[in-house]
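Please read the structure below before turning to the comments.
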Amino acid sequence: MNIKKVVIIGSGTMGSGIAAHLCNAKIPVTLLDLTTDISTQARDRIYKSRPPLLIDKNKINNIKVGNINDDFDAVKDADWVVEAVVERIDIKHNIYEKIFKSRKPGAIVSSNTSSIPIKILSEKLTKDEKKDFCITHFFNPVRYMGLLEIVKNENNDLDKINSLKKFCEDELGKGAIVCNDTPGFLGNRIGVFAMQVAMTEAFRMKLSIEEADAVFGRPMGIPKTGVFGLYDLIGIDLMADVLKSFIKELPKNDPFQEVAKEIPLITKLIETGYTGRKGKGGFYRMNKTDNKKILEAINLETEEYSSTKKIDLGIDTVNLNLLISRKDKYGEYAWSVISKIIKYASSLVPGITDKFNDIDEAMRLGFNWAMGPFEMLKSIGVKNFFERIDSFENNKFLEKLNQNKDENFYGERQKYTNIETLGKVKPKAIKIDKNKSADIYRFKDFNIVEFTTKACALDYDSMDALKNATDKPLIIMNESMQFSAGVNLTYTMNFADKGDFKSIEKFIKYFQDTCKHLKYSKYPVISAPSGLVLGGGEEVAIQSNFVVAHTNIVMGLVETGVGLVPAGGGCKEVLWRWSQTEEAKKDPDYAPLKVFNIIGYATTATSTVEAEPLKFIKPEDKKVMNRNSLFEVSKKLIEDNKNFTPPKECTFNLSGKPLKDKMVKILEKLYNEKVILDHGMVVGEELANVLSGGNTSIDKTLSEDDLYRLELESFMKLIENKNTQDRIKHTLATGKPLVN
Ligand code: NAI
């Protein structure tokens, strides 16, 4: 089956998201709604969306729009028709009747329903039509959510389902998991159950919402929104509707029923307009007192709001065994929630799927959990788990596991895909070294470095791992969400607070040496970034010999935002790239001025398409839609570069003072317009000093080391400046930049 054209019916949140993503995959797509006005407005929303649904906004007109009366002929040419109209069975049935009258023979028709079973959706179809009808359940926002559930039943043509799955993996880059026609399918059945357990246990154990979110969050490998924060984000009213649908669809004795019961506080919140972030607030709300915004949290018992209290569990890595064996209420809560999730998920095997690892994958891709329930069980250990669990009657999976006590029950991961992913490779590779910030694996005849810190922030140990891993070809990539959010600012500030600037200088120097080493080592170094590739993260990537980037990367040298300049070779490398352009050959100031703007404004690209014109990504770098494929493509590059020779060192001819004066003029204009303030001037002048070559002239040739030295000097001046330290502290505390 070849999918060359797609029609989407319904241009709301999901229809427009799916259309945008097909456009990202360069597949011609037509978006139809009741009127062309509605679908045109949807296309406008796609254009303006933040974070952007389109990888390349210039391609917006590749999405054709129309209405279901005048433009329905588009269905005749489509290889795949996706229905994404409101969740109403009568409307959906009418649309299927119309589609099946017009569709090309054999074309696939799917619904994006989140809750209606195939059995009901397809009840009016003929036997032949049923073969080609399935559910393709995309998650919102479509471009960014890795999970796609393809729901089938006994009537489907399995070859067709498999080729649709392959298309969605290869072309759309989704983690496409095929599952059975059961309520809530895979992800939501477990994910919503988990949320309900986390919530009802918090009520039962009298935890505050901040406490519950602090446990059911990062320490469990779950996003930091936790449960109450996530409820606010999704919408408390929407969650109530989802629960009603589960209550209706699931058997009366399903444990879900117990945790989905109506909670009076929730009903009250909905009735009073506290539906979450889109409403007046929810479990959390922003309150303004004395012109100051204060985040407040509701007390589950008194139902009153008061300012949130920070809960520090003193945990910075996920270690479930440590967490559940804590002798406090947090440990007890964690065990109670985790064990219930494991019990429920395992009770659904083989009903919802016979491949339990698919459930883990759905939780990782659809809910951004670091591990799914079965991986949690593996991490706790079979023996430990059964020593503590109370009962598990009628749970075939756990009964069998209890009999054989097989600690290695898990077997392979990511069985759902044929792609050779990093997750599949890691268990087969040898971990040759590790430190507190990175792991080094040897696989076949090359090394892999995976950063292991929070947001993969970089410190001395991360650099040490990279440097030690260049004795073979090297792939730098992570299974976690981010490639790297940059240098670990807390680590840096700890030295600054003690006045230990020598240690900072030593670290930055080592960072530079390592990046230079990556670039010129005997064997090829490949960075395979996804997620955030910021600051130091970008410096590692762009000083690698090859880049294999996920198309959704967020990339930028953002150091000026915290009052610093890129000092791991970022200024130098981007300047070098710009100085290779035709314009730069005519005007020696062209490249430095361009880079001054790019770095000065901390310009950030939200895709490889945006990163390329900034020269963060090179035309020859590989851009990959499916994050799972980063490893395979990187491995192929190693195989194709058996005769690799490192690049020649680059040199620079920069104008020095006259160029710096030009840059300072730009800064003065911004200062007069109040775009930047006093410290902005100071930071800008340091950046100008680096990019103009410092005390040099155009006829003097500077080496890479000269540029590294300039970067380091400016960085050190700035980090010793109190105003930079204020910026860093503010960003660490609030996640936002301080303009000073
Ligand atoms: P929405 O309310 O944003 O959009 C529905 C669109 O369908 C509207 O533009 C409406 O004008 C159009 N429509 C209604 N009747 C129509 C008809 N007869 N012909 C053509 N267009 C018609 O809904 P949303 O959120 O996009 O949901 C669509 C489907 O996706 C639903 O089945 C929903 O359950 C499912 N879903 C929603 C998710 C979400 O996060 N919003 C997530 C996953 C699935």
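Residues are named by chain letter and number: chains run A, B, ... in the order of the structure tokens, numbers start at 1 in each chain, and ligands are numbered from 1 in the order shown.
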Residues of chain A within 10 Å of ligand 1: nearest atom pair and distance (Å, one decimal) for each, counting only C-alpha atoms and all ligand atoms, sorted by chain and number, as a Markdown table?
```
| residue | atom | partner | partner_atom_place_in_ligand_line | distance |
| --- | --- | --- | --- | --- |
| A:Ile8 | CA | ligand 1 | 20 (C) | 9.1 |
| A:Ile9 | CA | ligand 1 | 20 (C) | 5.4 |
| A:Gly10 | CA | ligand 1 | 7 (O) | 3.8 |
| A:Ser11 | CA | ligand 1 | 9 (O) | 4.4 |
| A:Gly12 | CA | ligand 1 | 4 (O) | 3.2 |
| A:Thr13 | CA | ligand 1 | 26 (O) | 3.8 |
| A:Met14 | CA | ligand 1 | 26 (O) | 3.7 |
| A:Gly15 | CA | ligand 1 | 26 (O) | 5.5 |
| A:Ser16 | CA | ligand 1 | 26 (O) | 7.5 |
| A:Gly17 | CA | ligand 1 | 26 (O) | 8.2 |
| A:Ile18 | CA | ligand 1 | 26 (O) | 9.4 |
| A:Leu31 | CA | ligand 1 | 21 (N) | 9.5 |
| A:Leu32 | CA | ligand 1 | 20 (C) | 6.4 |
| A:Asp33 | CA | ligand 1 | 21 (N) | 3.9 |
| A:Leu34 | CA | ligand 1 | 20 (C) | 4.5 |
| A:Thr35 | CA | ligand 1 | 11 (O) | 7.8 |
| A:Asp37 | CA | ligand 1 | 11 (O) | 9.9 |
| A:Ile38 | CA | ligand 1 | 9 (O) | 6.4 |
| A:Ser39 | CA | ligand 1 | 9 (O) | 7.2 |
| A:Gln41 | CA | ligand 1 | 9 (O) | 9.5 |
| A:Ala42 | CA | ligand 1 | 9 (O) | 7.7 |
| A:Asn67 | CA | ligand 1 | 20 (C) | 7.5 |
| A:Ile68 | CA | ligand 1 | 20 (C) | 6.1 |
| A:Asn69 | CA | ligand 1 | 19 (N) | 9.1 |
| A:Val82 | CA | ligand 1 | 29 (C) | 10.0 |
| A:Glu83 | CA | ligand 1 | 29 (C) | 7.5 |
| A:Ala84 | CA | ligand 1 | 29 (C) | 4.3 |
| A:Val85 | CA | ligand 1 | 7 (O) | 3.4 |
| A:Val86 | CA | ligand 1 | 5 (C) | 4.3 |
| A:Glu87 | CA | ligand 1 | 32 (O) | 4.1 |
| A:Arg88 | CA | ligand 1 | 32 (O) | 7.4 |
| A:Ile89 | CA | ligand 1 | 32 (O) | 9.1 |
| A:Asp90 | CA | ligand 1 | 18 (N) | 9.2 |
| A:Ile91 | CA | ligand 1 | 18 (N) | 5.5 |
| A:Lys92 | CA | ligand 1 | 18 (N) | 7.3 |
| A:His93 | CA | ligand 1 | 18 (N) | 9.5 |
| A:Asn94 | CA | ligand 1 | 18 (N) | 7.5 |
| A:Ile95 | CA | ligand 1 | 18 (N) | 6.5 |
| A:Ser111 | CA | ligand 1 | 32 (O) | 7.1 |
| A:Asn112 | CA | ligand 1 | 30 (O) | 4.7 |
| A:Thr113 | CA | ligand 1 | 32 (O) | 3.5 |
| A:Ser114 | CA | ligand 1 | 34 (O) | 4.2 |
| A:Ser115 | CA | ligand 1 | 34 (O) | 6.3 |
| A:Ile116 | CA | ligand 1 | 34 (O) | 8.0 |
| A:Thr136 | CA | ligand 1 | 44 (C) | 8.9 |
| A:His137 | CA | ligand 1 | 44 (C) | 5.9 |
| A:Phe138 | CA | ligand 1 | 43 (C) | 5.6 |
| A:Phe139 | CA | ligand 1 | 42 (C) | 5.0 |
| A:Asn140 | CA | ligand 1 | 40 (O) | 4.9 |
| A:Pro141 | CA | ligand 1 | 40 (O) | 7.6 |
| A:Val142 | CA | ligand 1 | 42 (C) | 8.9 |
| A:Leu148 | CA | ligand 1 | 43 (C) | 9.8 |
| A:Asn188 | CA | ligand 1 | 43 (C) | 9.8 |
| A:Ile234 | CA | ligand 1 | 40 (O) | 8.4 |
| A:Leu238 | CA | ligand 1 | 41 (N) | 9.4 |
| A:Val242 | CA | ligand 1 | 34 (O) | 9.5 |
```
Between stretch 403-455 of chain A and stretch 626-642 of chain A, at 12 Å or less, what are the per-residue closest atom pairs and their distances in Å? Count only C-alpha atoms, order by chain and rising residue number, and return it as a Markdown table.
```
| residue | atom | partner | partner_atom | distance |
| --- | --- | --- | --- | --- |
| A:Gln414 | CA | A:Asn628 | CA | 9.8 |
| A:Tyr416 | CA | A:Asn628 | CA | 11.5 |
| A:Thr417 | CA | A:Asn628 | CA | 8.9 |
| A:Asn418 | CA | A:Asn628 | CA | 10.0 |
| A:Ile419 | CA | A:Ser629 | CA | 6.4 |
| A:Glu420 | CA | A:Glu632 | CA | 5.9 |
| A:Thr421 | CA | A:Asn628 | CA | 5.4 |
| A:Leu422 | CA | A:Phe631 | CA | 5.8 |
| A:Gly423 | CA | A:Asn628 | CA | 8.7 |
| A:Lys424 | CA | A:Phe631 | CA | 10.1 |
| A:Val425 | CA | A:Phe631 | CA | 9.0 |
| A:Lys426 | CA | A:Phe631 | CA | 10.9 |
| A:Phe443 | CA | A:Lys635 | CA | 10.1 |
| A:Lys444 | CA | A:Lys635 | CA | 10.2 |
| A:Asp445 | CA | A:Ile638 | CA | 9.6 |
| A:Phe446 | CA | A:Ile638 | CA | 8.3 |
| A:Asn447 | CA | A:Lys635 | CA | 10.4 |
| A:Ile448 | CA | A:Phe631 | CA | 9.8 |
| A:Val449 | CA | A:Phe631 | CA | 11.9 |
| A:Glu450 | CA | A:Phe631 | CA | 11.9 |
```
Please report as JSON lines every residue of stretch 214-332 of chain A lying within 9 Å of stretch 378-401 of chain A, along with the nearest atom pair and their distance in Å (one decimal), using only C-alpha atoms.
```
{"residue": "A:Asn319", "atom": "CA", "partner": "A:Ser379", "partner_atom": "CA", "distance": 8.1}
{"residue": "A:Leu320", "atom": "CA", "partner": "A:Ile380", "partner_atom": "CA", "distance": 6.2}
{"residue": "A:Asn321", "atom": "CA", "partner": "A:Ile380", "partner_atom": "CA", "distance": 5.4}
{"residue": "A:Ile324", "atom": "CA", "partner": "A:Ile380", "partner_atom": "CA", "distance": 8.8}
```
Quiz item: Which residue out of A:Ile118, A:Ala214, A:Val259, A:Cys515 has the minimum interatomic distance to A:Leu323 when only C-alpha atoms are used?
Solution: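 Looking at the shortest contact to A:Leu323, the residue is A:Ala214.
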